[in-house]
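K.L.:
Sharing a structure with you now.
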Amino acid sequence: MSSTTPNVQTQPDEVKNLFQSGDKRVLVEVKNLKKYFPIKSGIVFQREVAAVKAVDGVSFHIYEGETLGLVGESGCGKSTTGRTILQLYRATDGSVTFEGQELTTLKGEQLRRMRRRMQMVFQDPYASLNPRMSVGRIVAEPLVVHGIGTKREREERVAELLELVGLNPYFVRRYPHEFSGGQRQRIGLARSLALNPKFIVADEPISALDVSIQAQVVNLLQQLQQDLGLTYLFIAHDLSMVRHLCDRVAVMYLGKIVEIAESEELYTNPLHPYTQALLSAVPVPDPKVEEKRQRIILKGDVPSPINPPHGCNFNTRCPVSVDVCFEQDPELVEVLPEHWVACHRV
Amino acid sequence: MAVAEGAKPISLEDEHHEGVSPWIDSWRLFKRNKAAVIALVMLIIIVFIALTAGLWTQLGLLDARGGAAARHTVNPANQTPQDAYPDPGLCARDGQDSNPYWCGWLESDVLVQVQNKYCFRPEPDTTQEQWCYLLGGDSDGKDWLTQTVYGAQVSLAVGFIGAMTSMIIGMIYGIVAGYYGGGIDNLMMRFIDFLYGLPGIVIIILLQVYFTELARTYQDADQQGIAGFLLDLNKDLGGLLFLFFALGALGWIGMARQARGMVLSYREQEFVEAARAVGASNRRIIFVHLLPNILGPLIVLETMAIPGYIFLEAGLSFIGLGVQPGTPSWGSMISEVRDRGGLFSNRHLLLVPGTALVLTTLSFNFLGDGLRDALDPRMRGN
Ligand SMILES: Nc1ncnc2c1ncn2[C@@H]1O[C@H](COP(=O)(O)OP(=O)(O)O)[C@@H](O)[C@H]1O
Ligand SMILES: [Mg+2]
């Protein structure tokens, strides 16, 4: 059945080489991505009076087959980043390439074809399934939209997908309200796998689940990654699950990326004061370490993304800020191999 | 959503259990509301009677001329009053001299007033057939029951068509505004705000004044083209067509607002985002994802709005701005009783169309109530 969803795997060698970094191939490359949501005002004729700078110039790349974690407090623009990469929101500025192809300028049929290769798993297991559709129809929808297979073939594929995510294929006639949160999340996962994507943006897929269920879903995600060779952008608002799941982690604050490093490196050697504060809030299983650990409590609130602070946007809460932090926006620089930080004090 | 609350996870063993579609689930919830079920049965009966009125006429139970229904035909010459009317209560119960309405004779199609308590003429005319009306008749010899049954056709047509047109127009308007958003939405909603600012009832009355005048002016003149077609159609429908226009002119704006609001809330839901992420077209998103979800609550709203249309038609007909004269309508029947001074002497004549009106509108209200329990997910879970 997978033969009905052909993936364009073959790439000319030159293109392949272009995106080689060491022995890893870059699958997704994001450069200076911006997404501003306009705020309009006016009774009949509306003018743009301001903009929510949800994503304000982020750059990173994701290697094929890896899991990149994207963490940060809620409202810092993680979901917007994920959705803009998938072209669910059109970027205000910047570029997103997938296997070397620019996505931000794609339109119509080309964009639709691209959508087969990148999918999304959502946060809210209740809102992400249409309550009026049966499980079978929900999981088959991507196939229907892309006109793949006959009705029979689609039914077979749906059964296969349900099994893949650990659900009984007999569930096709049931409706979402009959399932628990974890089961619903599996249904959503089955839907996102229907088209054999290479890349999945998982937007806090476990945040809404019971702790007991979270590990199951994370294990399933890892299993699927191994079996299907998937690449994940895994969005989370706390760092505890991320360490276990992600190869590399990017930390986001107020629309910008402040630090990217390999998972172990980030946890053992956080350089940005914001990352340090976030990590200090993660409980450590070792009681001795836990005892000595100092919690860094950040003062104040996250500033509004409509009016981010001048200079480094963390300067209102930073415990180590100096004059330059109020004047200049720090660049994201590679201070150690594969360890990037945006801070004047590093 | 509240629907999902308290949902039991499905056990893996129970695999042959069939899924419960939300529509079937709704029907179950609906059945729990007894008043709504009774209302539904009532409405089915009312609609059935209204639709088959022609059949009753053919069977002789209703009168084709608007004459006698359920009539007792007697030849008084051979009978005592008691024999003639086994149940005198059926006719001329109050037996006032001034009661011209219950029973009588037809002479050249005009009912002769009955002076006698038992529906007898002082000097029985053996050559004339005698008529008696189950629920009385008017002095033109028209049977009140027949009129009421045919009046149900008008009321139901106004209710249903008013609801349908306002739902269709309002829904399309609301979906376009809500789904496409931005400047289009803003302009469309300002227009609705403007319409809301108008005094609705005055506009409807003015429109009807204009339409009735129009219909009268061109009563006989042969108009060409679309105007002619509409005028003819309106005439055939007894003035209902223009009434629909007048009611429809403003009826849809509430629906449009509601539809837009619901589209706005569903548009941001993740399942719509998921559909977009697989590349579903706008059309698919609207028809497969949005419409089925907003349809239920909108049907509830529109069912609740039907009594309003029925009352409006009755009111307009009462003041002579509704259906054309000669078309039976509950509103015009009530006004006829008033015009002929029956308000004090023959209150039962008010009661017949009045009861029909109240029963019908109450039924729609109870039905709407039941539908809300069943269809509106926001109302569930309590
Ligand atoms: N569709 C939208 N329109 C306007 N503002 C938005 C929209 N989506 C998100 N935002 C704003 O952008 C910011 C980032 O939101 P989001 O990406 O959802 O954050 P996160 O996923 O990290 O919690 C927030 O301030 C939010 O209010
Ligand atoms: Mg989010």
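Ordering of the structure tokens sets the chain letters (A, B, ...), residue numbers begin anew at 1 in every chain, and ligands are numbered from 1 in the order given.
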Neighbouring residues of region 244-255 of chain B were defined as those with any atom within 6 Å, considering only C-alpha atoms; residues of the same chain fewer than 2 positions away were excluded. Please report them as a ChimeraX atom specification.
P.N.:
/B:166,170,204,207,241-242,257-259
K.L.:
If the limit is 7 Å from any atom of ligand 2, counting only C-alpha atoms and all ligand atoms, which residues qualify? Return them as number ranges by chain.
P.N.:
A: 74-75, 78-79, 203
K.L.:
Fewer than 4 positions away in the same chain doesn't count, so skip those; otherwise give me all residues within 6 Å of region 137-150 of chain A, counting only C-alpha atoms, as a compact mmCIF listing (two decimals) with C-alpha atoms, in the first residue's frame.
P.N.:
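That gives us part12.txt:
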# COMPACT_ATOMS: atom_id res chain seq x y z
CA ARG A 154 -7.63 3.32 1.46
CA ARG A 191 -3.54 10.61 10.20
CA VAL B 278 -2.72 17.80 4.41
CA ALA B 280 -7.46 20.15 1.81
K.L.:
To check your reading of the model: which residues sit at most 7 Å from ligand 1 when counting only C-alpha atoms and all ligand atoms? Write the answer as a list in words.
P.N.:
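Checked against 7 Å with only C-alpha atoms and all ligand atoms; the hits are Phe37, Val52, Lys53, Ala54, Gly72, Glu73, Ser74, Gly75, Cys76, Gly77, Lys78, Ser79, Thr80, Thr81 and Pro305 of chain A.
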K.L.:
If we count only C-alpha atoms and set the cut-off at 6 Å, which residues sit around region 36-49 of chain B, ignoring sequence neighbours fewer than 5 positions away in its own chain? Please answer as number ranges by chain.
P.N.:
B: 363, 366-367, 370
K.L.:
Can you write out as JSON lines which residues of chain A fall within 6 Å of chain B, alongside each residue's closest atom pair and its distance in Å to one decimal, counting only C-alpha atoms and ordering rows by chain and ascending residue number?
P.N.:
{"residue": "A:Arg112", "atom": "CA", "partner": "B:Gly279", "partner_atom": "CA", "distance": 5.1}
{"residue": "A:Arg115", "atom": "CA", "partner": "B:Val278", "partner_atom": "CA", "distance": 5.7}
{"residue": "A:Ala127", "atom": "CA", "partner": "B:Glu270", "partner_atom": "CA", "distance": 5.5}
{"residue": "A:Ser128", "atom": "CA", "partner": "B:Phe271", "partner_atom": "CA", "distance": 4.1}
{"residue": "A:Leu129", "atom": "CA", "partner": "B:Phe271", "partner_atom": "CA", "distance": 5.0}
{"residue": "A:Asn130", "atom": "CA", "partner": "B:Phe271", "partner_atom": "CA", "distance": 5.5}
{"residue": "A:Pro142", "atom": "CA", "partner": "B:Val278", "partner_atom": "CA", "distance": 5.6}
{"residue": "A:Val145", "atom": "CA", "partner": "B:Ala280", "partner_atom": "CA", "distance": 5.7}
{"residue": "A:Tyr170", "atom": "CA", "partner": "B:Glu15", "partner_atom": "CA", "distance": 5.8}
{"residue": "A:Arg173", "atom": "CA", "partner": "B:Gly19", "partner_atom": "CA", "distance": 5.1}
{"residue": "A:Arg174", "atom": "CA", "partner": "B:Gly19", "partner_atom": "CA", "distance": 3.7}
{"residue": "A:His177", "atom": "CA", "partner": "B:Ala4", "partner_atom": "CA", "distance": 4.7}
{"residue": "A:Glu178", "atom": "CA", "partner": "B:Ala7", "partner_atom": "CA", "distance": 5.5}
{"residue": "A:Phe179", "atom": "CA", "partner": "B:Pro9", "partner_atom": "CA", "distance": 4.7}
{"residue": "A:Ser180", "atom": "CA", "partner": "B:Pro9", "partner_atom": "CA", "distance": 4.6}
K.L.:
Could you write out that same residue set with N, CA, C and O atoms as an mmCIF file, in the first residue's frame?
P.N.:
data_model
loop_
_atom_site.group_PDB
_atom_site.id
_atom_site.type_symbol
_atom_site.label_atom_id
_atom_site.label_comp_id
_atom_site.auth_asym_id
_atom_site.auth_seq_id
_atom_site.Cartn_x
_atom_site.Cartn_y
_atom_site.Cartn_z
ATOM 1 N N ARG A 112 0.695 21.820 -2.341
ATOM 2 C CA ARG A 112 -0.091 20.645 -1.954
ATOM 3 C C ARG A 112 0.756 19.374 -2.029
ATOM 4 O O ARG A 112 0.675 18.507 -1.178
ATOM 5 N N ARG A 115 3.030 19.117 0.866
ATOM 6 C CA ARG A 115 2.363 18.789 2.136
ATOM 7 C C ARG A 115 2.354 17.293 2.423
ATOM 8 O O ARG A 115 2.215 16.881 3.565
ATOM 9 N N ALA A 127 -9.359 18.788 20.348
ATOM 10 C CA ALA A 127 -9.683 19.727 19.268
ATOM 11 C C ALA A 127 -9.096 19.289 17.935
ATOM 12 O O ALA A 127 -9.468 19.818 16.901
ATOM 13 N N SER A 128 -8.184 18.323 17.949
ATOM 14 C CA SER A 128 -7.503 18.035 16.691
ATOM 15 C C SER A 128 -8.207 16.973 15.848
ATOM 16 O O SER A 128 -7.776 16.678 14.748
ATOM 17 N N LEU A 129 -9.295 16.420 16.369
ATOM 18 C CA LEU A 129 -10.069 15.472 15.568
ATOM 19 C C LEU A 129 -11.477 16.022 15.388
ATOM 20 O O LEU A 129 -12.122 16.417 16.351
ATOM 21 N N ASN A 130 -11.941 16.017 14.150
ATOM 22 C CA ASN A 130 -13.285 16.514 13.864
ATOM 23 C C ASN A 130 -14.318 15.596 14.523
ATOM 24 O O ASN A 130 -14.410 14.425 14.194
ATOM 25 N N PRO A 142 -6.245 12.420 4.523
ATOM 26 C CA PRO A 142 -5.111 12.815 3.684
ATOM 27 C C PRO A 142 -5.090 12.060 2.358
ATOM 28 O O PRO A 142 -4.764 12.638 1.319
ATOM 29 N N VAL A 145 -7.870 13.523 0.151
ATOM 30 C CA VAL A 145 -7.504 14.849 -0.348
ATOM 31 C C VAL A 145 -6.519 14.738 -1.510
ATOM 32 O O VAL A 145 -6.602 15.483 -2.486
ATOM 33 N N TYR A 170 -10.273 -2.274 14.172
ATOM 34 C CA TYR A 170 -11.739 -2.293 14.200
ATOM 35 C C TYR A 170 -12.330 -0.948 14.626
ATOM 36 O O TYR A 170 -13.519 -0.747 14.567
ATOM 37 N N ARG A 173 -14.942 2.568 12.657
ATOM 38 C CA ARG A 173 -16.321 3.080 12.623
ATOM 39 C C ARG A 173 -16.653 3.934 13.839
ATOM 40 O O ARG A 173 -17.732 4.483 13.937
ATOM 41 N N ARG A 174 -15.739 3.997 14.771
ATOM 42 C CA ARG A 174 -16.028 4.757 15.995
ATOM 43 C C ARG A 174 -15.790 6.243 15.776
ATOM 44 O O ARG A 174 -15.150 6.658 14.827
ATOM 45 N N HIS A 177 -15.233 11.009 20.167
ATOM 46 C CA HIS A 177 -15.635 11.203 21.559
ATOM 47 C C HIS A 177 -15.609 9.910 22.361
ATOM 48 O O HIS A 177 -15.734 9.932 23.580
ATOM 49 N N GLU A 178 -15.463 8.789 21.664
ATOM 50 C CA GLU A 178 -15.451 7.522 22.388
ATOM 51 C C GLU A 178 -14.060 7.132 22.878
ATOM 52 O O GLU A 178 -13.902 6.101 23.509
ATOM 53 N N PHE A 179 -13.061 7.972 22.571
ATOM 54 C CA PHE A 179 -11.691 7.599 22.910
ATOM 55 C C PHE A 179 -11.104 8.468 24.016
ATOM 56 O O PHE A 179 -11.547 9.592 24.241
ATOM 57 N N SER A 180 -10.068 7.930 24.651
ATOM 58 C CA SER A 180 -9.352 8.701 25.670
ATOM 59 C C SER A 180 -8.337 9.610 24.986
ATOM 60 O O SER A 180 -8.078 9.487 23.793
#
K.L.:
I'd like to know which residues of region 95-303 of chain A are helix (DSSP H, G or I) (by DSSP, run on the backbone); could you write them as a VMD selection string?
P.N.:
chain A and resid 108 to 115 135 to 145 151 to 164 169 to 173 176 to 178 181 to 193 211 to 228 240 to 245 263 to 268 273 to 280 287 to 292
K.L.:
Could you give me, as JSON, numbers by chain, the residues within 8 Å of Gln147 (chain B), counting only C-alpha atoms and dropping anything in the same chain fewer than 2 positions from it?
P.N.:
{"B": [66, 142, 143, 144, 145, 149, 150, 151, 328, 329, 333]}
K.L.:
Run DSSP on the backbone and tell me which residues of region 89-273 of chain A come out as strand (DSSP E); list them as a PyMOL selection string.
P.N.:
chain A and resi 93-98+101-102+118-121+199-203+231-236+248-253+256-262
K.L.:
Show me, as a list in words, the residues that have an atom within 7 Å of region 258-275 of chain A when counting only C-alpha atoms, minus same-chain residues fewer than 2 positions from it.
P.N.:
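Returned residues: Arg243, Cys246, Asp247, Arg248, Val249, Ala250, Val251, Met252, Tyr253, Lys256, Ala277, Leu278, Leu279, Cys318, Leu332, Glu338, His339, Trp340, Val341, Ala342, Cys343 and Val346 of chain A.
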K.L.:
Please provide the set of residues having any atom within 8 Å of Asp56 (chain A), restricted to only C-alpha atoms, with same-chain residues fewer than 6 positions apart removed, written as a list in words.
P.N.:
Asn32, Leu33, Lys34, Lys35, Tyr36, Gly255 and Lys256 of chain A
K.L.:
At what distance in Å, to one decimal, does CA of Gly188 (chain A) lie from CA of Asn168 (chain A)?
P.N.:
14.3 Å
K.L.:
Check the smallest atom-to-atom distance from each of A:Gln101, A:Ser41, A:Gln123, A:Ser192 to Ile235 (chain A) using only C-alpha atoms, then report the winner.
P.N.:
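Of the candidates, the smallest distance to Ile235 (chain A) is held by A:Gln123.
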K.L.:
Kindly give the distance, in Å, that separates CA of Leu198 (chain B) and CA of Ile43 (chain A), rounded to a single decimal.
P.N.:
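Interatomic distance here is 18.6 Å.
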